[in-house]
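Enquirer: File follows, protein.tsv with TSV, C-alpha atoms:
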chain	number	residue	atom	x	y	z
A	203	ASN	CA	100.61	32.03	-44.22
A	204	ALA	CA	103.00	34.64	-42.81
A	205	GLY	CA	100.51	36.48	-40.55
A	206	VAL	CA	101.62	40.05	-39.80
A	207	THR	CA	105.05	41.00	-41.10
A	208	GLN	CA	106.89	44.11	-39.98
A	209	THR	CA	110.07	45.50	-41.46
A	210	PRO	CA	112.66	46.48	-40.47
A	211	LYS	CA	113.19	44.79	-37.09
A	212	PHE	CA	115.71	47.40	-35.97
A	213	GLN	CA	116.39	50.94	-37.13
A	214	VAL	CA	118.55	53.83	-35.97
A	215	LEU	CA	117.69	57.30	-37.25
A	216	LYS	CA	119.19	60.70	-36.77
A	217	THR	CA	116.96	63.49	-35.52
A	218	GLY	CA	115.09	65.03	-38.44
A	219	GLN	CA	115.32	62.04	-40.74
A	220	SER	CA	112.20	60.45	-42.14
A	221	MET	CA	111.42	56.81	-42.67
A	222	THR	CA	108.61	54.34	-43.25
A	223	LEU	CA	107.88	51.31	-41.10
A	224	GLN	CA	106.28	48.59	-43.18
A	225	CYS	CA	103.43	46.32	-42.11
A	226	ALA	CA	101.81	43.65	-44.25
A	227	GLN	CA	99.25	40.97	-43.49
A	228	ASP	CA	98.08	38.08	-45.63
A	229	MET	CA	94.88	37.22	-43.74
A	230	ASN	CA	92.54	39.61	-45.59
A	231	HIS	CA	91.88	41.52	-42.38
A	232	GLU	CA	90.00	44.79	-42.59
A	233	TYR	CA	91.25	46.26	-39.32
A	234	MET	CA	94.91	47.24	-38.95
A	235	SER	CA	96.58	49.40	-36.36
A	236	TRP	CA	99.92	50.75	-35.18
A	237	TYR	CA	101.08	50.96	-31.56
A	238	ARG	CA	104.13	52.11	-29.74
A	239	GLN	CA	105.36	50.42	-26.59
A	240	ASP	CA	107.44	52.34	-24.10
A	241	PRO	CA	108.88	51.12	-20.78
A	242	GLY	CA	106.32	51.13	-17.97
A	243	MET	CA	103.44	51.99	-20.29
A	244	GLY	CA	100.82	49.95	-22.09
A	245	LEU	CA	100.75	49.84	-25.85
A	246	ARG	CA	99.41	53.12	-27.16
A	247	LEU	CA	97.47	53.43	-30.38
A	248	ILE	CA	99.05	55.70	-33.01
A	249	HIS	CA	96.77	55.25	-36.03
A	250	TYR	CA	94.32	52.66	-37.21
A	251	SER	CA	92.42	51.67	-40.34
A	252	VAL	CA	89.10	49.87	-40.73
A	253	GLY	CA	89.62	49.15	-44.43
A	254	ALA	CA	91.42	50.24	-47.56
A	255	GLY	CA	91.23	54.00	-47.97
A	256	ILE	CA	90.05	54.59	-44.39
A	257	THR	CA	92.38	55.71	-41.60
A	258	ASP	CA	91.94	57.51	-38.31
A	259	GLN	CA	94.01	58.82	-35.45
A	260	GLY	CA	94.61	57.03	-32.23
A	261	GLU	CA	95.89	58.23	-28.90
A	262	VAL	CA	99.34	59.48	-29.96
A	263	PRO	CA	99.24	60.39	-33.68
A	264	ASN	CA	101.50	63.46	-33.72
A	265	GLY	CA	104.60	63.04	-35.86
A	266	TYR	CA	103.23	60.01	-37.72
A	267	ASN	CA	101.33	59.54	-40.96
A	268	VAL	CA	99.61	56.47	-42.36
A	269	SER	CA	97.84	55.41	-45.53
A	270	ARG	CA	95.94	52.27	-46.54
A	271	SER	CA	95.89	51.89	-50.29
A	272	THR	CA	95.46	48.11	-50.13
A	273	THR	CA	93.92	45.69	-47.64
A	274	GLU	CA	97.30	44.02	-47.11
A	275	ASP	CA	99.58	46.97	-46.34
A	276	PHE	CA	99.54	49.65	-43.67
A	277	PRO	CA	102.80	51.64	-43.60
A	278	LEU	CA	103.65	54.08	-40.82
A	279	ARG	CA	105.67	57.15	-41.79
A	280	LEU	CA	107.78	59.21	-39.43
A	281	LEU	CA	107.94	62.65	-40.96
A	282	SER	CA	110.85	64.16	-39.01
A	283	ALA	CA	112.19	61.78	-36.39
A	284	ALA	CA	112.64	63.02	-32.82
A	285	PRO	CA	114.32	61.32	-29.84
A	286	SER	CA	110.85	61.07	-28.21
A	287	GLN	CA	109.90	58.63	-30.97
A	288	THR	CA	112.46	56.12	-29.75
A	289	SER	CA	110.26	53.14	-29.00
A	290	VAL	CA	109.18	49.69	-30.09
A	291	TYR	CA	106.47	49.79	-32.72
A	292	PHE	CA	103.90	47.06	-33.27
A	293	CYS	CA	101.47	46.56	-36.08
A	294	ALA	CA	98.31	44.49	-35.55
A	295	SER	CA	95.48	43.19	-37.70
A	296	SER	CA	92.11	41.50	-37.22
A	297	TYR	CA	88.77	41.04	-38.98
A	298	SER	CA	87.26	43.45	-36.48
A	299	THR	CA	87.74	44.44	-32.85
A	300	GLY	CA	84.46	43.08	-31.48
A	301	GLY	CA	83.26	39.70	-30.35
A	302	GLU	CA	85.88	36.99	-30.15
A	303	THR	CA	87.83	38.11	-33.17
A	304	GLU	CA	91.45	37.12	-32.95
A	305	ALA	CA	93.98	39.96	-33.25
A	306	PHE	CA	97.47	39.25	-34.53
A	307	PHE	CA	100.58	41.31	-33.85
A	308	GLY	CA	103.78	41.62	-35.79
A	309	GLN	CA	107.17	41.03	-34.19
A	310	GLY	CA	107.85	44.70	-33.70
A	311	THR	CA	110.29	47.33	-34.96
A	312	ARG	CA	112.77	48.71	-32.45
A	313	LEU	CA	113.48	52.30	-33.41
A	314	THR	CA	116.18	54.48	-31.91
A	315	VAL	CA	116.40	58.17	-32.76
A	316	VAL	CA	119.69	59.82	-31.88
B	1153	LYS	CA	88.34	57.83	-18.78
B	1154	ASN	CA	88.71	54.31	-20.16
B	1155	GLN	CA	91.53	52.62	-18.31
B	1156	VAL	CA	92.92	49.15	-17.71
B	1157	GLU	CA	94.99	48.50	-14.61
B	1158	GLN	CA	96.94	45.36	-13.86
B	1159	SER	CA	98.48	43.97	-10.73
B	1160	PRO	CA	101.00	43.05	-9.66
B	1161	GLN	CA	103.50	44.87	-11.85
B	1162	SER	CA	105.90	41.98	-11.51
B	1163	LEU	CA	105.89	38.54	-9.98
B	1164	ILE	CA	108.48	35.85	-9.33
B	1165	ILE	CA	107.42	32.26	-8.70
B	1166	LEU	CA	109.05	28.85	-8.64
B	1167	GLU	CA	108.52	26.40	-11.45
B	1168	GLY	CA	105.48	24.20	-10.85
B	1169	LYS	CA	103.65	26.76	-8.71
B	1170	ASN	CA	100.37	28.45	-9.61
B	1171	CYS	CA	99.79	32.17	-9.86
B	1172	THR	CA	96.98	34.63	-10.53
B	1173	LEU	CA	97.26	37.95	-12.30
B	1174	GLN	CA	94.64	40.67	-11.91
B	1175	CYS	CA	93.06	43.15	-14.30
B	1176	ASN	CA	90.61	45.92	-13.40
B	1177	TYR	CA	89.03	48.09	-16.04
B	1178	THR	CA	86.80	51.13	-16.32
B	1179	VAL	CA	86.04	50.74	-20.04
B	1180	SER	CA	82.42	51.36	-20.95
B	1181	PRO	CA	80.48	50.17	-22.83
B	1182	PHE	CA	82.31	46.88	-22.68
B	1183	SER	CA	82.81	44.67	-25.74
B	1184	ASN	CA	85.47	42.11	-24.90
B	1185	LEU	CA	88.53	41.44	-22.77
B	1186	ARG	CA	91.66	39.71	-23.97
B	1187	TRP	CA	94.75	38.38	-22.30
B	1188	TYR	CA	97.99	38.39	-24.23
B	1189	LYS	CA	101.40	36.88	-23.54
B	1190	GLN	CA	104.40	38.87	-24.71
B	1191	ASP	CA	107.81	37.27	-24.68
B	1192	THR	CA	110.81	39.59	-24.53
B	1193	GLY	CA	111.50	41.10	-27.94
B	1194	ARG	CA	108.36	39.62	-29.50
B	1195	GLY	CA	104.86	40.78	-30.33
B	1196	PRO	CA	101.90	39.95	-28.07
B	1197	VAL	CA	100.21	36.60	-28.64
B	1198	SER	CA	96.57	36.02	-27.73
B	1199	LEU	CA	95.76	33.64	-24.86
B	1200	THR	CA	92.02	34.18	-24.34
B	1201	ILE	CA	89.18	36.40	-25.49
B	1202	MET	CA	86.00	36.84	-23.44
B	1203	THR	CA	82.82	38.70	-24.21
B	1204	PHE	CA	80.27	40.07	-21.76
B	1205	SER	CA	78.38	36.80	-21.43
B	1206	GLU	CA	81.41	34.67	-20.60
B	1207	ASN	CA	82.85	34.40	-17.11
B	1208	THR	CA	85.60	31.84	-17.65
B	1209	LYS	CA	87.72	30.59	-20.51
B	1210	SER	CA	90.66	28.22	-20.57
B	1211	ASN	CA	93.60	27.75	-22.89
B	1212	GLY	CA	95.70	24.85	-21.65
B	1213	ARG	CA	97.23	25.84	-18.32
B	1214	TYR	CA	95.83	29.36	-18.63
B	1215	THR	CA	92.37	30.13	-17.23
B	1216	ALA	CA	90.84	33.58	-17.47
B	1217	THR	CA	87.84	34.76	-15.50
B	1218	LEU	CA	85.67	37.79	-16.05
B	1219	ASP	CA	83.27	39.54	-13.69
B	1220	ALA	CA	81.54	42.15	-15.82
B	1221	ASP	CA	79.64	43.53	-12.83
B	1222	THR	CA	82.77	44.44	-10.87
B	1223	LYS	CA	84.81	45.01	-14.05
B	1224	GLN	CA	87.52	42.62	-12.99
B	1225	SER	CA	89.35	39.82	-14.71
B	1226	SER	CA	92.02	37.39	-13.63
B	1227	LEU	CA	94.43	35.09	-15.41
B	1228	HIS	CA	95.35	31.95	-13.51
B	1229	ILE	CA	98.41	29.99	-14.56
B	1230	THR	CA	98.57	26.41	-13.34
B	1231	ALA	CA	101.76	24.40	-12.83
B	1232	SER	CA	104.01	27.15	-14.14
B	1233	GLN	CA	106.86	26.40	-16.51
B	1234	LEU	CA	110.04	28.30	-17.29
B	1235	SER	CA	108.54	29.20	-20.67
B	1236	ASP	CA	105.76	31.08	-18.90
B	1237	SER	CA	108.28	33.82	-18.10
B	1238	ALA	CA	106.89	36.78	-20.05
B	1239	SER	CA	104.71	39.86	-19.73
B	1240	TYR	CA	100.97	39.27	-19.56
B	1241	ILE	CA	98.82	42.05	-20.91
B	1242	CYS	CA	95.12	42.65	-20.35
B	1243	VAL	CA	93.33	44.42	-23.23
B	1244	VAL	CA	89.76	45.71	-23.23
B	1245	THR	CA	87.70	46.88	-26.19
B	1246	SER	CA	84.78	49.26	-25.95
B	1247	SER	CA	81.65	48.61	-27.99
B	1248	GLY	CA	81.30	50.80	-31.01
B	1249	THR	CA	84.98	51.71	-31.21
B	1250	TYR	CA	87.90	50.23	-33.05
B	1251	LYS	CA	90.34	50.78	-30.24
B	1252	TYR	CA	92.01	48.35	-27.91
B	1253	ILE	CA	92.87	49.70	-24.48
B	1254	PHE	CA	95.97	48.05	-23.06
B	1255	GLY	CA	97.04	47.54	-19.50
B	1256	THR	CA	100.71	48.02	-18.63
B	1257	GLY	CA	101.16	44.31	-18.09
B	1258	THR	CA	102.44	42.00	-15.38
B	1259	ARG	CA	105.98	40.77	-15.82
B	1260	LEU	CA	106.20	37.15	-14.66
B	1261	LYS	CA	109.46	35.39	-13.95
B	1262	VAL	CA	109.43	31.64	-13.34
B	1263	LEU	CA	112.52	30.28	-11.62
B	1264	ALA	CA	113.81	26.71	-11.71
Here is the file; what I need is its structure written in the form of structure tokens.

Expert:
Amino acid sequence: NAGVTQTPKFQVLKTGQSMTLQCAQDMNHEYMSWYRQDPGMGLRLIHYSVGAGITDQGEVPNGYNVSRSTTEDFPLRLLSAAPSQTSVYFCASSYSTGGETEAFFGQGTRLTVV
Amino acid sequence: KNQVEQSPQSLIILEGKNCTLQCNYTVSPFSNLRWYKQDTGRGPVSLTIMTFSENTKSNGRYTATLDADTKQSSLHITASQLSDSASYICVVTSSGTYKYIFGTGTRLKVLA
């Protein structure tokens, strides 16, 4: 049982390049989400999904795309990387967000855009 | 606006001492409140989850309290250890949404 797996752990991009951050979970969770964590700020929601084929925007969606073709995978795509997207990105999954449902986070992807 | 505020921003204590971290929120309607521990370079790990009807929950040396009337929570760490050095994040969920609202965290440093 691997939990939530994010790849890569580190990435350096040049401005304008595109890339995909991978997130996979093996717990059959319906809810998955992507966050970015910047110094001095709480984690901010980029996009989330409540099940395969269903995605929605979070607080800071601009410059990012997501899709959810399977329950297990929730990739985050940077369309044209900008220095402002330098951050640590976390993927999370859970059965739901209510009650006492446990939420699990991946180990993070540290992205630097130069 | 739904917000979660934590205090203090940072805290240094000696090993073996107790400490209490605070979380105030304005999230409404309230669903649950979670405390997470985040070690440097790692993802957050859940410590406790409390719903509206709960006012205290323990996980080993960690005890969380919740006052839903005043919209305040605290995380008390007993007999601190060096491994407690981390950021502690308060997260609140609003009923009917799928969004977690994160505080900025309290960075705790435990010294030998």

Enquirer: Taking all atoms listed in the file into account, what are the residues of chain A at most 12 Å from chain B, put as number ranges by chain?

Expert: A: 205-208, 211-212, 232-253, 257-261, 290-312

Enquirer: Would you mind telling me which residue in A:Ala284, A:Met221, A:Met229, A:Leu313 lies nearest to Val268 of chain A when using all atoms listed in the file?

Expert: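 Of the candidates, the smallest distance to Val268 of chain A is held by A:Met221.
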
Enquirer: Would you compute the distance between atom CA of Gln224 of chain A and atom CA of Val315 of chain A? Give it in Å to one decimal.

Expert: 17.4 Å

Enquirer: Report the distance between atom CA of Cys1175 of chain B and atom CA of Ala1216 of chain B in Å, rounded to one decimal place.

Expert: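 One can read the atom CA of Cys1175 of chain B to atom CA of Ala1216 of chain B distance as 10.3 Å.
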
Enquirer: Atom CA of Pro1160 of chain B and atom CA of Ser1225 of chain B are how many Å apart?

Expert: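 Value for the atom CA of Pro1160 of chain B-atom CA of Ser1225 of chain B distance: 13.1 Å.
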
Enquirer: Hey, what's within 7 Å of Ser1159 of chain B if we count only C-alpha atoms and toss same-chain stuff fewer than 5 positions away? As a PyMOL selection string, please?

Expert: chain B and resi 1173-1175+1258

Enquirer: Identify which of the residues B:Glu1167, B:Thr1172, B:Asp1191, B:Ser1237 lies closest to Leu1260 of chain B, counting all atoms listed in the file when measuring atom-to-atom distances.

Expert: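 Among the listed residues, B:Ser1237 lies closest to Leu1260 of chain B.
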
Enquirer: From the set B:Cys1171, B:Val1179, B:Ala1264, B:Gly1212, which residue has the shortest atom-to-atom contact distance to His1228 of chain B, counting only C-alpha atoms?

Expert: B:Cys1171

Enquirer: Skip Ala1231 of chain B itself and residues of its chain fewer than 3 positions away, then list as a list in words all residues within 6 Å of it, counting all atoms listed in the file.

Expert: Gly1168, Lys1169 and Asn1170 of chain B

Enquirer: Please determine, counting only C-alpha atoms, which residue among B:Ser1239, B:Thr1230, B:Gln1190, B:Asn1176 has the shortest atom-to-atom distance to Leu1218 of chain B.

Expert: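 Looking only at the distances to Leu1218 of chain B, the closest residue turns out to be B:Asn1176.
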